[in-house]
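Student: Got a structure for you, run.cif, holding mmCIF, C-alpha atoms.
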data_my_file
#
loop_
_atom_site.label_atom_id
_atom_site.label_comp_id
_atom_site.auth_asym_id
_atom_site.auth_seq_id
_atom_site.Cartn_x
_atom_site.Cartn_y
_atom_site.Cartn_z
CA MET A 7 5.45 32.30 5.19
CA ALA A 8 8.30 29.95 6.05
CA ARG A 9 7.43 26.26 6.27
CA GLN A 10 8.11 24.81 9.73
CA PHE A 11 10.71 22.03 9.64
CA PHE A 12 9.14 18.65 10.42
CA VAL A 13 10.79 15.45 11.63
CA GLY A 14 8.77 12.27 11.97
CA GLY A 15 9.91 8.96 13.40
CA ASN A 16 8.22 5.87 11.99
CA PHE A 17 8.94 3.03 14.43
CA LYS A 18 7.16 0.53 12.13
CA MET A 19 6.62 -2.79 14.00
CA ASN A 20 9.24 -1.90 16.63
CA PRO A 21 10.18 -2.13 19.45
CA ASN A 22 9.06 -5.48 20.84
CA THR A 23 8.01 -4.33 24.30
CA ARG A 24 6.13 -1.47 25.93
CA GLU A 25 9.12 -0.92 28.22
CA GLN A 26 11.41 -0.36 25.24
CA SER A 27 8.95 2.09 23.69
CA LEU A 28 8.82 4.06 26.95
CA ALA A 29 12.61 4.13 27.01
CA LEU A 30 12.64 5.69 23.54
CA ALA A 31 10.20 8.33 24.77
CA GLU A 32 12.45 9.02 27.75
CA VAL A 33 15.39 9.75 25.42
CA LEU A 34 13.29 12.40 23.68
CA ASN A 35 12.01 13.79 26.99
CA ASN A 36 15.57 14.32 28.22
CA ALA A 37 16.98 15.72 24.97
CA GLN A 38 17.50 19.34 24.00
CA LEU A 39 15.28 19.42 20.92
CA ASP A 40 15.16 22.30 18.46
CA PRO A 41 11.97 24.16 19.45
CA ALA A 42 11.59 25.41 15.86
CA THR A 43 11.11 21.85 14.55
CA GLU A 44 7.82 19.96 14.73
CA VAL A 45 8.48 16.43 16.01
CA VAL A 46 6.07 13.51 15.59
CA ILE A 47 6.70 9.83 16.35
CA ALA A 48 4.67 6.85 15.15
CA PRO A 49 5.00 3.83 17.45
CA PRO A 50 2.97 0.63 17.01
CA SER A 51 -0.68 1.38 17.80
CA LEU A 52 -0.62 -0.69 21.01
CA TYR A 53 1.86 1.78 22.51
CA LEU A 54 0.23 5.06 21.42
CA LEU A 55 -1.69 5.69 24.65
CA SER A 56 1.22 4.73 26.93
CA LEU A 57 3.49 7.13 25.07
CA LYS A 58 0.87 9.86 25.10
CA GLU A 59 1.05 9.82 28.90
CA LYS A 60 4.85 9.77 28.86
CA LEU A 61 5.97 12.21 26.15
CA LYS A 62 7.02 15.78 26.90
CA ASN A 63 9.08 18.30 24.90
CA ASN A 64 6.15 19.00 22.54
CA VAL A 65 6.70 15.65 20.80
CA GLN A 66 3.46 14.57 19.12
CA LEU A 67 2.14 11.17 18.10
CA ALA A 68 1.00 9.59 14.85
CA ALA A 69 -0.69 6.31 14.09
CA GLN A 70 0.90 4.24 11.32
CA ASN A 71 -2.39 3.57 9.56
CA ALA A 72 -6.15 4.13 9.72
CA TYR A 73 -9.19 2.93 7.79
CA PHE A 74 -11.60 5.06 5.74
CA LYS A 75 -14.71 4.13 7.74
CA VAL A 76 -15.80 5.67 11.03
CA SER A 77 -16.92 2.36 12.54
CA GLY A 78 -18.32 -1.03 11.61
CA ALA A 79 -17.46 -4.65 10.90
CA PHE A 80 -13.84 -4.11 9.85
CA THR A 81 -11.85 -6.53 11.99
CA GLY A 82 -8.33 -5.40 12.76
CA GLU A 83 -8.79 -1.81 11.56
CA THR A 84 -8.65 1.50 13.45
CA SER A 85 -10.90 4.38 12.47
CA PRO A 86 -9.64 7.96 12.21
CA SER A 87 -12.32 9.13 14.64
CA GLN A 88 -11.06 6.64 17.24
CA LEU A 89 -7.58 8.15 16.88
CA VAL A 90 -8.96 11.65 17.34
CA ASP A 91 -10.91 10.54 20.41
CA ALA A 92 -7.69 9.07 21.83
CA GLY A 93 -5.93 12.42 21.34
CA ILE A 94 -3.64 11.28 18.52
CA PRO A 95 -3.14 14.21 16.10
CA TYR A 96 -1.45 12.55 13.10
CA VAL A 97 -1.65 9.43 10.94
CA ILE A 98 0.81 8.07 8.35
CA LEU A 99 -0.96 6.98 5.17
CA GLY A 100 0.26 5.43 1.92
CA HIS A 101 3.62 4.17 3.16
CA SER A 102 5.29 2.01 0.51
CA GLU A 103 5.11 -1.00 2.84
CA ARG A 104 1.33 -0.57 2.97
CA ARG A 105 1.18 -0.16 -0.81
CA THR A 106 3.34 -3.19 -1.61
CA LEU A 107 2.73 -5.67 1.23
CA PHE A 108 -0.94 -4.87 1.79
CA HIS A 109 -1.84 -3.86 -1.78
CA GLU A 110 -3.16 -0.39 -0.97
CA THR A 111 -3.79 1.54 -4.17
CA SER A 112 -3.45 5.30 -4.48
CA GLU A 113 -7.26 5.45 -4.59
CA ILE A 114 -7.53 3.64 -1.23
CA VAL A 115 -4.86 5.92 0.23
CA ALA A 116 -6.83 8.92 -1.04
CA GLN A 117 -10.03 7.58 0.57
CA LYS A 118 -8.18 7.16 3.86
CA THR A 119 -6.74 10.66 3.58
CA ARG A 120 -10.19 12.16 2.96
CA ALA A 121 -11.65 10.23 5.93
CA ALA A 122 -8.82 11.33 8.24
CA LEU A 123 -9.10 15.00 7.31
CA ASP A 124 -12.88 14.87 7.74
CA VAL A 125 -12.38 14.25 11.46
CA SER A 126 -9.53 16.79 11.81
CA LEU A 127 -6.74 14.20 11.83
CA LYS A 128 -3.53 15.46 10.21
CA VAL A 129 -1.97 13.27 7.53
CA ILE A 130 1.59 12.33 6.63
CA LEU A 131 0.98 11.21 3.04
CA CYS A 132 3.72 8.97 1.62
CA ILE A 133 4.70 8.67 -2.03
CA GLY A 134 7.75 7.37 -3.89
CA GLU A 135 9.16 5.35 -6.75
CA THR A 136 10.89 1.97 -7.08
CA LEU A 137 14.45 1.57 -8.35
CA ASP A 138 13.19 0.44 -11.79
CA GLN A 139 11.02 3.53 -12.01
CA ARG A 140 13.91 5.78 -10.95
CA GLU A 141 16.25 4.23 -13.51
CA GLY A 142 13.53 4.51 -16.16
CA GLY A 143 13.27 8.26 -15.58
CA LYS A 144 9.73 7.94 -14.25
CA THR A 145 10.17 9.39 -10.75
CA ALA A 146 8.18 12.59 -11.31
CA ALA A 147 5.40 10.76 -13.18
CA VAL A 148 5.05 8.12 -10.46
CA CYS A 149 4.89 10.71 -7.67
CA GLU A 150 2.31 12.73 -9.60
CA GLU A 151 0.23 9.63 -10.25
CA GLN A 152 0.24 8.72 -6.55
CA LEU A 153 -0.74 12.27 -5.58
CA LYS A 154 -3.38 12.63 -8.28
CA ALA A 155 -5.90 10.44 -6.45
CA ALA A 156 -5.55 12.59 -3.31
CA VAL A 157 -5.78 15.83 -5.29
CA ALA A 158 -9.08 14.58 -6.72
CA VAL A 159 -10.74 14.22 -3.31
CA LEU A 160 -9.14 17.04 -1.28
CA LYS A 161 -10.21 20.66 -1.14
CA GLU A 162 -7.59 23.40 -1.27
CA ALA A 163 -8.03 24.14 2.45
CA ASP A 164 -7.34 20.49 3.33
CA TRP A 165 -3.69 20.70 2.30
CA SER A 166 -2.77 22.77 5.37
CA ASN A 167 -3.23 19.52 7.35
CA VAL A 168 -1.17 17.34 5.00
CA VAL A 169 2.57 16.72 5.08
CA ILE A 170 3.86 14.95 1.98
CA ALA A 171 6.61 12.40 2.62
CA TYR A 172 8.68 11.57 -0.45
CA GLU A 173 10.24 8.17 0.20
CA PRO A 174 12.04 6.51 -2.71
CA VAL A 175 11.25 2.83 -2.19
CA TRP A 176 14.80 1.83 -3.18
CA ALA A 177 16.20 3.87 -0.28
CA ILE A 178 13.95 2.60 2.52
CA GLY A 179 15.90 0.40 4.92
CA THR A 180 18.54 -0.35 2.28
CA GLY A 181 21.27 2.01 3.43
CA LYS A 182 21.03 3.69 0.02
CA VAL A 183 19.96 7.29 0.15
CA ALA A 184 19.00 9.79 -2.51
CA THR A 185 21.67 12.43 -2.92
CA SER A 186 20.70 15.87 -1.71
CA ALA A 187 20.46 16.93 -5.38
CA GLN A 188 18.15 14.01 -6.21
CA ALA A 189 15.95 14.78 -3.20
CA GLN A 190 15.79 18.48 -4.05
CA GLU A 191 14.94 17.78 -7.71
CA THR A 192 12.08 15.44 -6.80
CA HIS A 193 10.73 17.71 -4.07
CA ALA A 194 10.79 20.64 -6.53
CA ASP A 195 8.91 18.48 -9.08
CA ILE A 196 6.28 17.60 -6.45
CA ARG A 197 5.89 21.27 -5.52
CA SER A 198 5.55 22.19 -9.18
CA TYR A 199 2.83 19.56 -9.61
CA LEU A 200 0.93 20.89 -6.57
CA SER A 201 1.13 24.39 -8.02
CA LYS A 202 -0.52 23.23 -11.24
CA ALA A 203 -2.93 20.65 -9.80
CA VAL A 204 -4.06 22.54 -6.68
CA SER A 205 -2.72 26.11 -6.42
CA PRO A 206 0.55 28.07 -6.13
CA ALA A 207 -0.38 28.95 -2.54
CA VAL A 208 -0.76 25.29 -1.54
CA ALA A 209 2.50 24.44 -3.32
CA ALA A 210 4.34 27.16 -1.42
CA SER A 211 2.95 26.25 2.01
CA THR A 212 2.79 22.41 1.94
CA ARG A 213 5.68 20.70 3.68
CA ILE A 214 7.44 18.02 1.64
CA ILE A 215 9.71 15.84 3.75
CA TYR A 216 12.25 13.20 2.71
CA GLY A 217 12.43 9.60 3.93
CA GLY A 218 14.78 6.79 3.00
CA SER A 219 17.79 5.79 5.11
CA VAL A 220 18.03 9.20 6.80
CA THR A 221 20.81 9.20 9.40
CA ALA A 222 22.70 11.66 11.58
CA SER A 223 25.50 11.64 9.00
CA ASN A 224 23.43 12.63 5.95
CA CYS A 225 20.64 14.75 7.45
CA LYS A 226 22.57 18.05 7.62
CA GLU A 227 23.23 18.24 3.88
CA LEU A 228 19.71 17.10 2.99
CA SER A 229 18.22 19.71 5.33
CA THR A 230 19.93 22.57 3.47
CA GLN A 231 17.95 21.91 0.27
CA ALA A 232 15.35 24.57 -0.48
CA ASP A 233 12.42 22.19 -0.95
CA VAL A 234 13.32 19.61 1.73
CA ASP A 235 11.15 20.55 4.71
CA GLY A 236 12.17 17.75 7.04
CA PHE A 237 12.37 13.98 7.31
CA LEU A 238 10.38 10.83 7.92
CA VAL A 239 12.91 8.63 9.69
CA GLY A 240 12.69 4.84 9.92
CA GLY A 241 15.39 2.75 11.60
CA ALA A 242 17.35 5.72 12.93
CA SER A 243 14.29 6.89 14.92
CA LEU A 244 14.92 3.92 17.23
CA LYS A 245 18.47 5.09 17.96
CA PRO A 246 19.97 7.98 19.95
CA GLU A 247 20.98 9.66 16.65
CA PHE A 248 17.30 10.53 16.12
CA VAL A 249 17.92 13.54 18.35
CA ASN A 250 20.69 14.70 15.98
CA ILE A 251 18.32 14.37 13.03
CA ILE A 252 15.64 16.40 14.83
CA ASN A 253 18.29 19.07 15.46
CA SER A 254 19.69 19.04 11.91
CA LYS A 255 18.60 22.65 11.28
CA LYS A 256 20.10 23.92 14.52
CA GLU A 257 23.15 26.12 14.06
#
Written as structure tokens, how would this file's structure read?
Tutor:
Amino acid sequence: MARQFFVGGNFKMNPNTREQSLALAEVLNNAQLDPATEVVIAPPSLYLLSLKEKLKNNVQLAAQNAYFKVSGAFTGETSPSQLVDAGIPYVILGHSERRTLFHETSEIVAQKTRAALDVSLKVILCIGETLDQREGGKTAAVCEEQLKAAVAVLKEADWSNVVIAYEPVWAIGTGKVATSAQAQETHADIRSYLSKAVSPAVAASTRIIYGGSVTASNCKELSTQADVDGFLVGGASLKPEFVNIINSKKE
């Protein structure tokens, strides 16, 4: 079965006002989006409910983070069950900014992934290597190591609700981008690891998307790669070109 192309927009801690976030939603509402592509945007959590009321065009929402507890004395955290109750279908977990700035280990990310899936929240699970690791030839090993913790706590059936986002840390927000050949090679390595660690069926059906300075000018070539099933877009998701990226598979 063909994997549905997936384009996510990670707004990160942008924009600065609710009005600006609604304006971004309006751009998507008025655009001719490829109906064959699944589109999910992740605004700051404060704006999730406002955008839920505003969005049309089958554009879905994701939170940018969630905790691994259902409730309790965890100041500043959001539980996956609260997101489900609010009607938010997706959550981004394991982004490199969470791993580096907030010291989230792969084990913590795996706990969060397990907790999200337990309440029927879908997960965009981020992995990726630093420039030193890339130059040291360790890309495949790093990605496998980051996935290993999730593999240990997920059942085979869980993977149908996981999208893996490969985001080389050296390409996020830097303007540098992995070549289409580099992206394809790493995505193929990830798929090969899933085949061995989980099952060939999961490897064949799990979507693996690319993130790291994706723009309207480079998305077409990246989208033609056999194992690139879409994109997780950062800065460009705040610009009109996001529509072009969503439509990158359109003839």
Student: List the spatial neighbours of Ile196 in chain A as a list in words - criterion: any atom at most 10 Å away, only C-alpha atoms, same-chain residues fewer than 2 positions off excluded.
Tutor: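 The filter keeps Ala146, Ala147, Cys149, Glu150, Leu153, Ile170, Tyr172, Gln190, Glu191, Thr192, His193, Ala194, Ser198, Tyr199, Leu200, Ser201, Ala209, Ile214 and Asp233 of chain A.
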Student: Quick check, in Å to one decimal: how far apart do CA of Ser205 in chain A and CA of Ala156 in chain A lie?
Tutor: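 The value is 14.2 Å.
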Student: Considering only C-alpha atoms, state which residue in the set A:Ser126, A:Thr180, A:Asn167, A:Ser102 is at the smallest distance from Gln88 in chain A.
Tutor: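 For Gln88 in chain A, the nearest of the given residues is A:Ser126.
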Student: Hey, which of A:Gln117, A:Ser254, A:Asn16, A:Thr81 ends up closest to Gly217 in chain A? Count all atoms listed in the file.
Tutor: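 The shortest atom-to-atom distance to Gly217 in chain A comes from A:Asn16.
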Student: Skip Ala155 in chain A itself and residues of its chain fewer than 3 positions away, then list as a list in words all residues within 6 Å of it, counting all atoms listed in the file.
Tutor: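 The neighbour list is Glu113, Ala116 and Ala158 of chain A.
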Student: Name the residues in contact with range 249-252 of chain A at a cut-off of 10 Å, using all atoms listed in the file, excluding same-chain residues fewer than 2 positions from it; report them as a PyMOL selection string.
Tutor: chain A and resi 11-15+33-34+37-45+220-226+229+236-237+239+242-243+245-247+254-256
Student: Might you pull out every residue within 8 Å of range 56-73 of chain A, with all atoms listed in the file counted and same-chain residues fewer than 2 positions away left off, and present them as an mmCIF file with C-alpha atoms, in the coordinates of the input?
Tutor:
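The file below, result.cif, is the result:
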data_model
loop_
_atom_site.group_PDB
_atom_site.id
_atom_site.type_symbol
_atom_site.label_atom_id
_atom_site.label_comp_id
_atom_site.auth_asym_id
_atom_site.auth_seq_id
_atom_site.Cartn_x
_atom_site.Cartn_y
_atom_site.Cartn_z
ATOM 1 C CA ASN A 16 8.220 5.870 11.990
ATOM 2 C CA LYS A 18 7.160 0.530 12.130
ATOM 3 C CA ARG A 24 6.130 -1.470 25.930
ATOM 4 C CA SER A 27 8.950 2.090 23.690
ATOM 5 C CA LEU A 28 8.820 4.060 26.950
ATOM 6 C CA ALA A 31 10.200 8.330 24.770
ATOM 7 C CA GLU A 32 12.450 9.020 27.750
ATOM 8 C CA LEU A 34 13.290 12.400 23.680
ATOM 9 C CA ASN A 35 12.010 13.790 26.990
ATOM 10 C CA LEU A 39 15.280 19.420 20.920
ATOM 11 C CA GLU A 44 7.820 19.960 14.730
ATOM 12 C CA VAL A 45 8.480 16.430 16.010
ATOM 13 C CA VAL A 46 6.070 13.510 15.590
ATOM 14 C CA ILE A 47 6.700 9.830 16.350
ATOM 15 C CA ALA A 48 4.670 6.850 15.150
ATOM 16 C CA PRO A 49 5.000 3.830 17.450
ATOM 17 C CA PRO A 50 2.970 0.630 17.010
ATOM 18 C CA SER A 51 -0.680 1.380 17.800
ATOM 19 C CA TYR A 53 1.860 1.780 22.510
ATOM 20 C CA LEU A 54 0.230 5.060 21.420
ATOM 21 C CA LYS A 75 -14.710 4.130 7.740
ATOM 22 C CA VAL A 76 -15.800 5.670 11.030
ATOM 23 C CA GLU A 83 -8.790 -1.810 11.560
ATOM 24 C CA THR A 84 -8.650 1.500 13.450
ATOM 25 C CA SER A 85 -10.900 4.380 12.470
ATOM 26 C CA PRO A 86 -9.640 7.960 12.210
ATOM 27 C CA LEU A 89 -7.580 8.150 16.880
ATOM 28 C CA ILE A 94 -3.640 11.280 18.520
ATOM 29 C CA PRO A 95 -3.140 14.210 16.100
ATOM 30 C CA TYR A 96 -1.450 12.550 13.100
ATOM 31 C CA VAL A 97 -1.650 9.430 10.940
ATOM 32 C CA ILE A 98 0.810 8.070 8.350
ATOM 33 C CA LEU A 99 -0.960 6.980 5.170
ATOM 34 C CA LYS A 118 -8.180 7.160 3.860
ATOM 35 C CA ALA A 121 -11.650 10.230 5.930
ATOM 36 C CA ALA A 122 -8.820 11.330 8.240
#
Student: Could you tell me how far CA of Gln188 in chain A lies from CA of Phe248 in chain A, in Å and to one decimal?
Tutor: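 Spanning CA of Gln188 in chain A to CA of Phe248 in chain A is a straight-line distance of 22.6 Å.
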Student: What does the distance from CA of Thr136 in chain A to CA of Val148 in chain A come to in Å, to one decimal?
Tutor: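 Between CA of Thr136 in chain A and CA of Val148 in chain A the gap is 9.1 Å.
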Student: Within 8 Å of Leu228 in chain A, counting only C-alpha atoms, which residues qualify if same-chain residues fewer than 6 places away don't, as a ChimeraX atom specification?
Tutor: /A:185-186,189,234
Student: Could you turn the residues from that selection into a file that holds C-alpha atoms, as a CSV table (one decimal), in the coordinates of the input?
Tutor:
chain,number,residue,atom,x,y,z
A,185,THR,CA,21.7,12.4,-2.9
A,186,SER,CA,20.7,15.9,-1.7
A,189,ALA,CA,16.0,14.8,-3.2
A,234,VAL,CA,13.3,19.6,1.7
Student: Measuring between all atoms listed in the file, which one of A:Ala163, A:Ala210, A:Leu137, A:Val157 shows the shortest distance to Ala177 in chain A?
Tutor: A:Leu137
Student: With all atoms listed in the file as the atoms that count, which of A:Val125, A:Phe17, A:Leu55, A:Val169 lies nearest to Ala92 in chain A?
Tutor: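 Looking at the shortest contact to Ala92 in chain A, the residue is A:Leu55.
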Student: Of the residues A:Pro206, A:Gln139, A:Asp164, A:Cys132, which is the one nearest to Trp176 in chain A, using only C-alpha atoms?
Tutor: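 Selected residue with least distance to Trp176 in chain A: A:Gln139.
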